[in-house]
Amino acid sequence: MSIAATQNRGFGATLWDYLTTVDHKKIGNMYIAAGAFFFLIGGLEALIIRIQLIKPENDFITAGLYNEMITMHGTTMIFFAATPILIGFMNAIMPLQIGARDVAFPFLNALGFWLFLFGGILLNLSWIFGGAPDAGWTSYAPLSLQSPGHGVDFYVMGLQLSGAGTLMGGINFIVTIVTMRAPGMTYMRMPLFSWTTFVTSILILFAFPALTVGLFLLMFDRMFGSAFFDVALGGNAIIWQHLFWIFGHPEVYILILPAFGIFSEIIPAFSKKRLFGYTSMVFATFLIAFLGFMVWAHHMFTVGLGPVANAIFAVATMAIAVPTGIKIFNWLATMWGGSITINSAMLWALAFIPSFTIGGMTGVMLGAASADYQYHDTYFVVAHFHYVIVGGVVFGIFAATHYWYPKLFGRILNEGMGKLAFWLFFIGFHLTFFIQHFLGLMGMPRRYWVFLEGQGLDTGNLISTLGAFLMGLGTIVVLINVIYTAVKGEKAPADPWDARTLEWSIPSPPPEYNFKKLPLVRGLDPLWIEKTEGKGKMTAAEPAVDIHMPNGSIFPFIMTIGFFIASLGFIFQVDNHLWLLAVYFGMALALGTMLARSLKDDHGHHIHKEELEREAD
Amino acid sequence: MNNDNMNIDKINSFQKQQNKEEMKKQIITFVLMIAFTVVAFAVVASGLEAIYAVPLILILAVVQVGFQFYYFMHMKDEGHEVPSSLIFGGIWVAVLTILTMTTIIWW
Amino acid sequence: MSQDHSLNPETMPHDPAKATTEGKHKFFGLWFFLGGETVLFACFFGTFIALRNSTAGGPTSQELFGLELVFLMTILLLTSSLTSVYAIYHMKNNDFKKMQLWFGITALLGIGFLACELYEFAHYITEYGFTFRSSAFGSSFYTLVGFHGGHVVFGLSWLIALMVRNAKRGLNLYNAPKYNTFSLYWHFIDVVWVFIFTVVYLMGMVS
Amino acid sequence: MNGWMGKIRTVLLLGILSIVLAACGKENLTALDPKGYGADTSMDMIILTTLIMVVVFIVVIIIYSIVLIRFRRKKGQEDYIPKQVEGNHTLEMVWTAIPILLVLIMGIPAVMTVFNLADESEASDSLNIEVTGNQYWWHFNYAGEEVVTSQDLYIPTGEKVYLNMQSSDVIHSFWVPSISGKMDVNPENVNTMYIEAYEEGVYWGKCAELCGPSHSLMDFKVIAVSPEEFEQWIGDMQNVDPAAIPQDAVAQEGKDLFEANNCMGCHAIGSSPSAVGPNLTNFGDRTKIAGYLEPTEENIVDWIMDPDSIKPGNKMAGMYPDLTKDEASSIAAYLMQLKPSEITPESAGGIK
Ligand code: HEA
Ligand code: HEA
Ligand SMILES: [Cu+2]
């Protein structure tokens, strides 16, 4: 996407460049682009859902297709839109923020991206190969075992691929932060977005394995006749629910913590104040992560785990309000006494505070187990999680897009369109989801293909659908803005927002090696310190040296293709054993590439200091 | 590779000696581990009742694994602070998971 | 100095596995990976514990398991853990030949372990008709133990690839971290096995 | 611009509020108008937590508004750099302590009500009903009474009724919003919960766990009648003679067809606990057919001719020979006269 750099090269060369790149910024951009694409698909599915629910007993789509729609909407949005876009920002921004030239495992980074992308493609291929998964994004057994066709198989293999990719990303980020901080960048001087990247990665590390295991069990039951969830042979379907939610609840914090990090960058930048209560913000982040692992059964209050389990999990769940509250009030206190500029990035951040607070508070209401007996599996829950996800995560993504676009692509997004998109989306969002709280309490369960006539649910659903279209319009405006800016936008200076952290001390877009000389960090908000102390730019921590860079490689891509082929083989060997050949071939390709990679020494290359000096400052 | 991120303190007899000391501890560790294993098997072979046997062999396993981590895998050495806190994080999640599966799954 | 350059006593850093940036990355990366693996195996263990009495009328753990073979397997794997410690010891002393030798013994012990496991599975299937599909117990047993076995297979392939690739080159700063991460991984496999013989076999025989 | 945003907000909020206040949903369906013990208990928690949330939200919004009004960057002050505040321990303590307190205020009653709603101590001397969830219908077996129904669950008012629930296929969830919160119906174990209706009425029940294409059509009703009427209903149901010959000639023909096509292979009439398909003993009294359609002959005929068009994915489709329209309407006539008791949904005030 970095237009300037690729203009005078052929399409083939550019493509090859992206297929083989191990540059964290390019990979980050690819994550964001692919995630945005999946967001559009997921949004389209949301619109279809809302059209079906525009009036009672509508027959816009069939019952089976409706279930496919919600499943694909939820799965796509969570795994292939929100998570990867956030990982994209982490990839592109975090190393810049901590003053690193790269991530710890550039090769793995590329592999992680390709696995995610092909996981998403695999999942969506199910539309063509006889039907998408239809057991909900939670895929509860035994419904998911019973589901005909290959839909759920695509779900299993698609998530397995992308899950492996995400896990690699997580490990990579942790190692990067532990080992590659610039001189002087102590842990307690790291920007909050880097902190949340760190904590999110830890969550990924501990949460995704549970999903991996769950998916293996489901895969074995569906494809190889094992009996984990088969009651007749002694299986127990509740195991799936536990495994899914041991993963699933941390996953929602995997989504929201980076968004918190984004807001913790934007709010200080546009209030011209340092973040209020930095230490407690870091502490709260850890506390949320820690508690996040002890509340999963709040999704299972009605399963019949008994009062003891329900009571423990209810109290643990509500406790998360405390660290989250600390954050909300710290943001407010950051703005208090500041000098607030409201532009499109800040608008999203400002809208986030009340919207997310509503979502969080309905979360606490859900946490009261005896009240959840009423809310559970109704539109109240749908309202809750869209408030936190859209009002928190999606707003965060939009905010980050406006804030960091200049850094990543060297151009500033158009303000007018930015504001228009914001208002359309913001109003649409509240129209769509606020009313759903009441729909739920008025007796509308979720995952309902139709609601019946004469049950007092008509108006609410109509309003909700209209709101969804406003959100659609808003999204389209953002899209136009991005395209328009890429072609005609105003060029961005290195530090367009007069911001505080290291990424703004280098050119926009940053050179391949990020920092010509590693900066010396003298405190929190290093760039701001240099600016207020009159220097305006970072001091170097080292003399000019040759910069070591990793070599690009096509191996990650080939390896992924291997796993992709093997996954297709696994899915279809149920029908015809010849497909096992695809499994063998795919695995051989993947493992062979792995072997080749480990046998071939790759020491990377150096950019020589003479070359660097020749480039203008 | 640049010289600056490498400690070129050369190998000397002092370090050799140190490595040897270290190796002795490793052997003691190994002997202990084998001993724990033998005890665990013996407990089961002796037909001790489950209420005594199960906690006993579980404790033996945990201690043995502790040795493995701290000595064989050097978690006791410095430079292992972050890895060990993450391992403990993993163990914490693992404990929660297993506790759930053993207690409330059949509620 | 080039990484490829074989180490000699003149240039030997104290801990060759962590002397380079890449080495440090590998070291931390593997440890964190093991943190994730802990959760992975915990989930398999949890599933197994929940389902271990769900035999659906098929063979139970008491009927199936015997102590002798498991004991043998345990000793094999524990010893292989020690031999890999020896190998790393020789790495630190910059004695490449002895390191390869001890890793070679490690590999042989690992292969021995795998052979026992395969024999065990075959025995259950042919003698008792106890398979992956027999019951929820069967599914969870083969999955847990099989995933561990899979880790052993992967570890062995990794080790053999390393040994063959570097046989002629000797120890250097590029491959020392690779050997080191392998040995950590191998110890972890042993750790998991300790819980498997305790929870699956021993507890299966007492209750 | 801020004023403009404020106005839009107010208009929106007022609009939404007026819609909401105009109706808090359909009587006997909405959870907001509880008519049973469980729903009541949950409602107390809902109100308590909502009040606390509203207070917290108002606090947040007040600070937020002040910030937005007072601390916008002013014209002519573009170079103004505010004081860089690190934090404030007292303030941070305050906004840690108060939420902890609030969580306790909510947590304690939550725990108490959870235990209260799980209390099974009275189960042995109460009415116990075995509930079976099936794709996509509900089966009710009155334990020890030799009475079986499907889709319409009759219970006495003013007493706890224990439901022992299990699924025959996938997970379902039993939910009668205005009487009680929901409980999952799992295939591998029996879940027990009690319900108590305060007053007579026909209450809407819904399946609340995704169970396949027709999940949204898996409606049922709880018909709460006075204890005396309930006794009478039980008696009437026990006295049903499955073999009784209908008076009406068409219905007679329907009965013959019913037998000839082996409908009894799945559907019992009488107290047989068999549950392959819904029990039809009091089919003529059903509030709805297929869970959601008016009980007219036309609808029954449509159902018999092509069940899949009415409930996609249901298991009756294709289990019997094709029938002509006439045959189907004879069967409908037979089924519609299956009215063993004078106690009907009308006794509870009819469907609302
Ligand atoms: C980004 C995603 C995200 C986030 C951040 C959250 C945050 C929270 N969630 Fe949510 N949740 C989901 C995504 C998310 N959730 C999803 C996707 C589902 C449904 C999955 C499915 O079934 O498909 C779900 C479902 C869900 C349930 C299950 C409902 C059911 O199925 O019956 C519950 C129950 O307890 C719950 C609770 C909470 C709580 C307590 C928080 C807390 O973290 C919120 C904390 C925040 C605040 C409380 C606001 C700010 C605080 C203050 C201003 C301080 C003062 C406040 C008080 C003292 C109250 N969530
Ligand atoms: C990150 C997570 C995320 C996000 C962002 C969203 C966003 C939206 N969701 Fe979400 N939703 C879920 C996660 C998410 N959802 C999950 C997990 C479930 C549960 C699934 C389940 O039950 O299993 C769910 C379920 C769910 C339901 C309940 C379905 C049911 O239970 O029956 C509804 C209904 O209104 C809904 C609506 C919406 C709407 C209107 C948006 C809007 O915000 C979307 C706005 C975006 C657009 C409108 C895109 C517009 C784009 C275009 C118009 C361009 C298209 C062009 C091209 C493709 C080229 N969602
Ligand atoms: Cu949750």
# chains A, B, ... in the order shown; residues from 1 in each chain; ligands from 1
>>> residues_near_ligand(ligand="ligand 1", cutoff="7 Å", atoms="only C-alpha atoms and all ligand atoms", output="MDAnalysis selection string")
(chainID A and resid 137:138 252:253 255:256 298:299 301 314 317:318 320:322 324:326 328 356:361 363:364 366:368 372 375:377 381:382 384:385 388:389 392:393) or (chainID D and resid 53 56:57 60 99:100 102:103)
>>> residues_around(residues="segment 113-117 of chain D", least_positions_apart="5", cutoff="8 Å", atoms="only C-alpha atoms", output="PyMOL selection string")
(chain A and resi 307-308+310-311+369-370) or (chain D and resi 38+41+193-194)
>>> closest_atom_pairs(of="chain A", to="ligand 3", cutoff="8 Å", atoms="only C-alpha atoms and all ligand atoms", output="JSON lines")
{"residue": "A:Trp245", "atom": "CA", "partner": "ligand 3", "partner_atom_place_in_ligand_line": "1 (Cu)", "distance": 7.5}
{"residue": "A:Gly248", "atom": "CA", "partner": "ligand 3", "partner_atom_place_in_ligand_line": "1 (Cu)", "distance": 6.9}
{"residue": "A:His249", "atom": "CA", "partner": "ligand 3", "partner_atom_place_in_ligand_line": "1 (Cu)", "distance": 4.1}
{"residue": "A:Pro250", "atom": "CA", "partner": "ligand 3", "partner_atom_place_in_ligand_line": "1 (Cu)", "distance": 7.4}
{"residue": "A:Val252", "atom": "CA", "partner": "ligand 3", "partner_atom_place_in_ligand_line": "1 (Cu)", "distance": 6.9}
{"residue": "A:Gly292", "atom": "CA", "partner": "ligand 3", "partner_atom_place_in_ligand_line": "1 (Cu)", "distance": 8.0}
{"residue": "A:Val295", "atom": "CA", "partner": "ligand 3", "partner_atom_place_in_ligand_line": "1 (Cu)", "distance": 6.7}
{"residue": "A:Trp296", "atom": "CA", "partner": "ligand 3", "partner_atom_place_in_ligand_line": "1 (Cu)", "distance": 5.6}
{"residue": "A:Ala297", "atom": "CA", "partner": "ligand 3", "partner_atom_place_in_ligand_line": "1 (Cu)", "distance": 7.8}
{"residue": "A:His298", "atom": "CA", "partner": "ligand 3", "partner_atom_place_in_ligand_line": "1 (Cu)", "distance": 6.2}
{"residue": "A:His299", "atom": "CA", "partner": "ligand 3", "partner_atom_place_in_ligand_line": "1 (Cu)", "distance": 6.0}
>>> select_by_dssp(residues="segment 44-147 of chain C", states="alpha helix (DSSP H)", output="PyMOL selection string")
chain C and resi 44-51+61-64+67-92+96-123+136-147
>>> interface_residues(of="chain C", to="chain A", cutoff="9 Å", atoms="only C-alpha atoms", output="PDB file with N, CA, C and O atoms, in the first residue's frame")
ATOM      1  N   GLN C   3      29.313 -15.631  12.482  1.00  0.00           N
ATOM      2  CA  GLN C   3      28.642 -16.621  13.314  1.00  0.00           C
ATOM      3  C   GLN C   3      29.018 -18.028  12.914  1.00  0.00           C
ATOM      4  O   GLN C   3      28.960 -18.944  13.708  1.00  0.00           O
ATOM      5  N   THR C  21      21.886 -12.028  19.753  1.00  0.00           N
ATOM      6  CA  THR C  21      20.515 -11.548  19.859  1.00  0.00           C
ATOM      7  C   THR C  21      19.546 -12.645  19.446  1.00  0.00           C
ATOM      8  O   THR C  21      18.551 -12.905  20.120  1.00  0.00           O
ATOM      9  N   GLU C  22      19.866 -13.283  18.307  1.00  0.00           N
ATOM     10  CA  GLU C  22      18.977 -14.354  17.844  1.00  0.00           C
ATOM     11  C   GLU C  22      18.871 -15.443  18.899  1.00  0.00           C
ATOM     12  O   GLU C  22      17.817 -16.007  19.125  1.00  0.00           O
ATOM     13  N   LYS C  24      19.135 -15.141  22.122  1.00  0.00           N
ATOM     14  CA  LYS C  24      18.244 -14.701  23.191  1.00  0.00           C
ATOM     15  C   LYS C  24      16.800 -14.822  22.760  1.00  0.00           C
ATOM     16  O   LYS C  24      15.937 -15.265  23.511  1.00  0.00           O
ATOM     17  N   HIS C  25      16.528 -14.385  21.534  1.00  0.00           N
ATOM     18  CA  HIS C  25      15.140 -14.471  21.064  1.00  0.00           C
ATOM     19  C   HIS C  25      14.644 -15.896  21.108  1.00  0.00           C
ATOM     20  O   HIS C  25      13.530 -16.176  21.545  1.00  0.00           O
ATOM     21  N   LYS C  26      15.498 -16.822  20.624  1.00  0.00           N
ATOM     22  CA  LYS C  26      15.075 -18.219  20.589  1.00  0.00           C
ATOM     23  C   LYS C  26      14.806 -18.720  21.997  1.00  0.00           C
ATOM     24  O   LYS C  26      13.818 -19.416  22.254  1.00  0.00           O
ATOM     25  N   PHE C  28      13.975 -17.011  24.752  1.00  0.00           N
ATOM     26  CA  PHE C  28      12.717 -16.515  25.318  1.00  0.00           C
ATOM     27  C   PHE C  28      11.519 -17.089  24.566  1.00  0.00           C
ATOM     28  O   PHE C  28      10.525 -17.497  25.158  1.00  0.00           O
ATOM     29  N   GLY C  29      11.629 -17.111  23.256  1.00  0.00           N
ATOM     30  CA  GLY C  29      10.516 -17.601  22.451  1.00  0.00           C
ATOM     31  C   GLY C  29      10.115 -18.998  22.861  1.00  0.00           C
ATOM     32  O   GLY C  29       8.934 -19.291  23.057  1.00  0.00           O
ATOM     33  N   LEU C  30      11.116 -19.854  23.053  1.00  0.00           N
ATOM     34  CA  LEU C  30      10.772 -21.226  23.405  1.00  0.00           C
ATOM     35  C   LEU C  30      10.132 -21.296  24.787  1.00  0.00           C
ATOM     36  O   LEU C  30       9.167 -22.014  24.992  1.00  0.00           O
ATOM     37  N   PHE C  32       8.331 -19.074  26.279  1.00  0.00           N
ATOM     38  CA  PHE C  32       6.950 -18.595  26.249  1.00  0.00           C
ATOM     39  C   PHE C  32       6.060 -19.613  25.554  1.00  0.00           C
ATOM     40  O   PHE C  32       4.918 -19.862  25.968  1.00  0.00           O
ATOM     41  N   PHE C  33       6.603 -20.204  24.518  1.00  0.00           N
ATOM     42  CA  PHE C  33       5.860 -21.266  23.841  1.00  0.00           C
ATOM     43  C   PHE C  33       5.490 -22.366  24.829  1.00  0.00           C
ATOM     44  O   PHE C  33       4.375 -22.873  24.831  1.00  0.00           O
ATOM     45  N   GLY C  35       4.970 -22.000  27.933  1.00  0.00           N
ATOM     46  CA  GLY C  35       3.850 -21.508  28.735  1.00  0.00           C
ATOM     47  C   GLY C  35       2.522 -21.835  28.069  1.00  0.00           C
ATOM     48  O   GLY C  35       1.571 -22.292  28.712  1.00  0.00           O
ATOM     49  N   GLY C  36       2.459 -21.618  26.759  1.00  0.00           N
ATOM     50  CA  GLY C  36       1.241 -21.964  26.024  1.00  0.00           C
ATOM     51  C   GLY C  36       0.996 -23.453  26.011  1.00  0.00           C
ATOM     52  O   GLY C  36      -0.138 -23.921  26.181  1.00  0.00           O
ATOM     53  N   GLU C  37       2.080 -24.221  25.833  1.00  0.00           N
ATOM     54  CA  GLU C  37       1.942 -25.677  25.820  1.00  0.00           C
ATOM     55  C   GLU C  37       1.385 -26.204  27.147  1.00  0.00           C
ATOM     56  O   GLU C  37       0.672 -27.205  27.178  1.00  0.00           O
ATOM     57  N   THR C  38       1.745 -25.521  28.227  1.00  0.00           N
ATOM     58  CA  THR C  38       1.222 -25.920  29.527  1.00  0.00           C
ATOM     59  C   THR C  38      -0.308 -25.898  29.499  1.00  0.00           C
ATOM     60  O   THR C  38      -0.967 -26.848  29.931  1.00  0.00           O
ATOM     61  N   VAL C  39      -0.856 -24.823  28.960  1.00  0.00           N
ATOM     62  CA  VAL C  39      -2.312 -24.734  28.897  1.00  0.00           C
ATOM     63  C   VAL C  39      -2.860 -25.782  27.936  1.00  0.00           C
ATOM     64  O   VAL C  39      -3.880 -26.440  28.209  1.00  0.00           O
ATOM     65  N   LEU C  40      -2.164 -25.962  26.824  1.00  0.00           N
ATOM     66  CA  LEU C  40      -2.614 -26.950  25.854  1.00  0.00           C
ATOM     67  C   LEU C  40      -2.752 -28.325  26.499  1.00  0.00           C
ATOM     68  O   LEU C  40      -3.806 -28.970  26.426  1.00  0.00           O
ATOM     69  N   PHE C  41      -1.691 -28.752  27.186  1.00  0.00           N
ATOM     70  CA  PHE C  41      -1.764 -30.072  27.799  1.00  0.00           C
ATOM     71  C   PHE C  41      -2.754 -30.090  28.957  1.00  0.00           C
ATOM     72  O   PHE C  41      -3.416 -31.102  29.197  1.00  0.00           O
ATOM     73  N   ALA C  42      -2.875 -28.964  29.668  1.00  0.00           N
ATOM     74  CA  ALA C  42      -3.861 -28.926  30.750  1.00  0.00           C
ATOM     75  C   ALA C  42      -5.257 -29.219  30.206  1.00  0.00           C
ATOM     76  O   ALA C  42      -6.046 -29.913  30.842  1.00  0.00           O
ATOM     77  N   CYS C  43      -5.547 -28.705  29.043  1.00  0.00           N
ATOM     78  CA  CYS C  43      -6.874 -28.941  28.474  1.00  0.00           C
ATOM     79  C   CYS C  43      -7.046 -30.408  28.117  1.00  0.00           C
ATOM     80  O   CYS C  43      -8.117 -30.989  28.333  1.00  0.00           O
ATOM     81  N   PHE C  44      -6.008 -31.021  27.575  1.00  0.00           N
ATOM     82  CA  PHE C  44      -6.104 -32.453  27.279  1.00  0.00           C
ATOM     83  C   PHE C  44      -6.249 -33.252  28.569  1.00  0.00           C
ATOM     84  O   PHE C  44      -7.047 -34.192  28.653  1.00  0.00           O
ATOM     85  N   GLY C  46      -7.453 -32.175  31.410  1.00  0.00           N
ATOM     86  CA  GLY C  46      -8.785 -31.923  31.956  1.00  0.00           C
ATOM     87  C   GLY C  46      -9.826 -32.792  31.274  1.00  0.00           C
ATOM     88  O   GLY C  46     -10.660 -33.439  31.924  1.00  0.00           O
ATOM     89  N   THR C  47      -9.764 -32.829  29.964  1.00  0.00           N
ATOM     90  CA  THR C  47     -10.709 -33.640  29.206  1.00  0.00           C
ATOM     91  C   THR C  47     -10.582 -35.101  29.599  1.00  0.00           C
ATOM     92  O   THR C  47     -11.585 -35.796  29.823  1.00  0.00           O
ATOM     93  N   ALA C  50     -12.027 -35.753  33.041  1.00  0.00           N
ATOM     94  CA  ALA C  50     -13.488 -35.728  33.030  1.00  0.00           C
ATOM     95  C   ALA C  50     -14.067 -36.997  32.413  1.00  0.00           C
ATOM     96  O   ALA C  50     -15.157 -37.427  32.773  1.00  0.00           O
ATOM     97  N   LEU C  51     -13.343 -37.598  31.488  1.00  0.00           N
ATOM     98  CA  LEU C  51     -13.926 -38.707  30.731  1.00  0.00           C
ATOM     99  C   LEU C  51     -13.318 -40.061  31.082  1.00  0.00           C
ATOM    100  O   LEU C  51     -13.659 -41.072  30.474  1.00  0.00           O
ATOM    101  N   ASN C  53     -13.662 -42.217  33.312  1.00  0.00           N
ATOM    102  CA  ASN C  53     -14.526 -43.332  33.721  1.00  0.00           C
ATOM    103  C   ASN C  53     -15.663 -43.587  32.743  1.00  0.00           C
ATOM    104  O   ASN C  53     -16.501 -44.437  32.988  1.00  0.00           O
ATOM    105  N   SER C  54     -15.688 -42.836  31.662  1.00  0.00           N
ATOM    106  CA  SER C  54     -16.767 -42.999  30.679  1.00  0.00           C
ATOM    107  C   SER C  54     -16.405 -44.073  29.678  1.00  0.00           C
ATOM    108  O   SER C  54     -16.115 -43.802  28.525  1.00  0.00           O
ATOM    109  N   THR C  55     -16.429 -45.324  30.152  1.00  0.00           N
ATOM    110  CA  THR C  55     -15.934 -46.394  29.289  1.00  0.00           C
ATOM    111  C   THR C  55     -17.016 -46.968  28.405  1.00  0.00           C
ATOM    112  O   THR C  55     -16.724 -47.805  27.553  1.00  0.00           O
ATOM    113  N   ALA C  56     -18.266 -46.561  28.642  1.00  0.00           N
ATOM    114  CA  ALA C  56     -19.366 -47.044  27.803  1.00  0.00           C
ATOM    115  C   ALA C  56     -19.347 -48.561  27.684  1.00  0.00           C
ATOM    116  O   ALA C  56     -19.569 -49.114  26.608  1.00  0.00           O
ATOM    117  N   GLY C  57     -19.057 -49.241  28.753  1.00  0.00           N
ATOM    118  CA  GLY C  57     -19.085 -50.705  28.724  1.00  0.00           C
ATOM    119  C   GLY C  57     -17.821 -51.330  28.181  1.00  0.00           C
ATOM    120  O   GLY C  57     -17.632 -52.541  28.256  1.00  0.00           O
ATOM    121  N   PHE C 132      -9.591 -45.662  19.686  1.00  0.00           N
ATOM    122  CA  PHE C 132      -9.934 -44.253  19.720  1.00  0.00           C
ATOM    123  C   PHE C 132     -11.450 -44.038  19.680  1.00  0.00           C
ATOM    124  O   PHE C 132     -11.967 -43.054  20.160  1.00  0.00           O
ATOM    125  N   ARG C 133     -12.165 -44.981  19.076  1.00  0.00           N
ATOM    126  CA  ARG C 133     -13.602 -44.796  18.909  1.00  0.00           C
ATOM    127  C   ARG C 133     -14.421 -45.600  19.895  1.00  0.00           C
ATOM    128  O   ARG C 133     -15.651 -45.530  19.885  1.00  0.00           O
ATOM    129  N   SER C 134     -13.757 -46.419  20.749  1.00  0.00           N
ATOM    130  CA  SER C 134     -14.515 -47.312  21.616  1.00  0.00           C
ATOM    131  C   SER C 134     -15.435 -46.562  22.564  1.00  0.00           C
ATOM    132  O   SER C 134     -16.576 -46.937  22.780  1.00  0.00           O
ATOM    133  N   SER C 135     -14.909 -45.530  23.175  1.00  0.00           N
ATOM    134  CA  SER C 135     -15.672 -44.831  24.199  1.00  0.00           C
ATOM    135  C   SER C 135     -15.039 -43.459  24.383  1.00  0.00           C
ATOM    136  O   SER C 135     -13.965 -43.185  23.849  1.00  0.00           O
ATOM    137  N   ALA C 136     -15.722 -42.635  25.164  1.00  0.00           N
ATOM    138  CA  ALA C 136     -15.140 -41.318  25.444  1.00  0.00           C
ATOM    139  C   ALA C 136     -13.805 -41.489  26.158  1.00  0.00           C
ATOM    140  O   ALA C 136     -12.865 -40.726  25.936  1.00  0.00           O
ATOM    141  N   PHE C 137     -13.706 -42.505  27.007  1.00  0.00           N
ATOM    142  CA  PHE C 137     -12.429 -42.794  27.661  1.00  0.00           C
ATOM    143  C   PHE C 137     -11.352 -43.092  26.625  1.00  0.00           C
ATOM    144  O   PHE C 137     -10.241 -42.532  26.673  1.00  0.00           O
ATOM    145  N   GLY C 138     -11.683 -43.946  25.689  1.00  0.00           N
ATOM    146  CA  GLY C 138     -10.722 -44.285  24.641  1.00  0.00           C
ATOM    147  C   GLY C 138     -10.282 -43.049  23.871  1.00  0.00           C
ATOM    148  O   GLY C 138      -9.087 -42.818  23.667  1.00  0.00           O
ATOM    149  N   SER C 139     -11.251 -42.248  23.470  1.00  0.00           N
ATOM    150  CA  SER C 139     -10.897 -41.052  22.701  1.00  0.00           C
ATOM    151  C   SER C 139      -9.956 -40.165  23.487  1.00  0.00           C
ATOM    152  O   SER C 139      -8.939 -39.689  22.980  1.00  0.00           O
ATOM    153  N   SER C 140     -10.284 -39.955  24.777  1.00  0.00           N
ATOM    154  CA  SER C 140      -9.468 -39.000  25.519  1.00  0.00           C
ATOM    155  C   SER C 140      -8.107 -39.595  25.853  1.00  0.00           C
ATOM    156  O   SER C 140      -7.111 -38.878  25.884  1.00  0.00           O
ATOM    157  N   THR C 143      -5.973 -39.503  22.682  1.00  0.00           N
ATOM    158  CA  THR C 143      -5.666 -38.130  22.301  1.00  0.00           C
ATOM    159  C   THR C 143      -4.582 -37.540  23.202  1.00  0.00           C
ATOM    160  O   THR C 143      -3.602 -36.977  22.716  1.00  0.00           O
ATOM    161  N   TRP C 158      13.351 -33.032  14.901  1.00  0.00           N
ATOM    162  CA  TRP C 158      14.096 -31.787  15.094  1.00  0.00           C
ATOM    163  C   TRP C 158      15.544 -32.094  15.451  1.00  0.00           C
ATOM    164  O   TRP C 158      16.481 -31.602  14.826  1.00  0.00           O
ATOM    165  N   ALA C 161      17.500 -33.710  12.577  1.00  0.00           N
ATOM    166  CA  ALA C 161      17.823 -32.711  11.552  1.00  0.00           C
ATOM    167  C   ALA C 161      18.992 -31.844  12.019  1.00  0.00           C
ATOM    168  O   ALA C 161      19.937 -31.597  11.258  1.00  0.00           O
ATOM    169  N   LEU C 162      18.951 -31.416  13.264  1.00  0.00           N
ATOM    170  CA  LEU C 162      20.028 -30.572  13.786  1.00  0.00           C
ATOM    171  C   LEU C 162      21.360 -31.291  13.729  1.00  0.00           C
ATOM    172  O   LEU C 162      22.379 -30.733  13.289  1.00  0.00           O
ATOM    173  N   ARG C 165      22.565 -31.884  10.114  1.00  0.00           N
ATOM    174  CA  ARG C 165      22.937 -30.637   9.449  1.00  0.00           C
ATOM    175  C   ARG C 165      24.279 -30.102   9.941  1.00  0.00           C
ATOM    176  O   ARG C 165      25.089 -29.576   9.180  1.00  0.00           O
ATOM    177  N   TYR C 174      25.658 -19.747  15.677  1.00  0.00           N
ATOM    178  CA  TYR C 174      24.406 -19.824  14.940  1.00  0.00           C
ATOM    179  C   TYR C 174      23.619 -21.050  15.339  1.00  0.00           C
ATOM    180  O   TYR C 174      22.400 -21.013  15.457  1.00  0.00           O
TER     181      TYR C 174
END
>>> closest_residue(among="A:Leu145, A:Ile397, A:Ala100, A:Ala316", to="ligand 2", atoms="only C-alpha atoms and all ligand atoms")
A:Ile397
>>> closest_residue(among="D:Pro242, D:Gly144, D:Pro278, D:Pro312", to="chain A", atoms="only C-alpha atoms")
D:Pro312
>>> interface_residues(of="chain D", to="chain A", cutoff="7 Å", atoms="only C-alpha atoms", output="MDAnalysis selection string")
chainID D and resid 24:26 29:32 42:43 45:46 49 53 64 67 71:73 81:82 84:87 95:96 99:100 103 107 110:111 113:115 118 170 177 181:184 188 191 208:211 213:216 312
>>> residues_around(residues="segment 38-53 of chain B", least_positions_apart="3", cutoff="10 Å", atoms="only C-alpha atoms", output="list in words")
Leu32, Met33, Ile34, Ala35, Leu56, Ile57, Leu58, Ile59, Leu60 and Ala61 of chain B; Leu67, Glu68, Val70, Phe71, Thr74, Ile75, Phe197, Thr198, Tyr201, Leu202, Met203, Gly204, Met205, Val206 and Ser207 of chain C
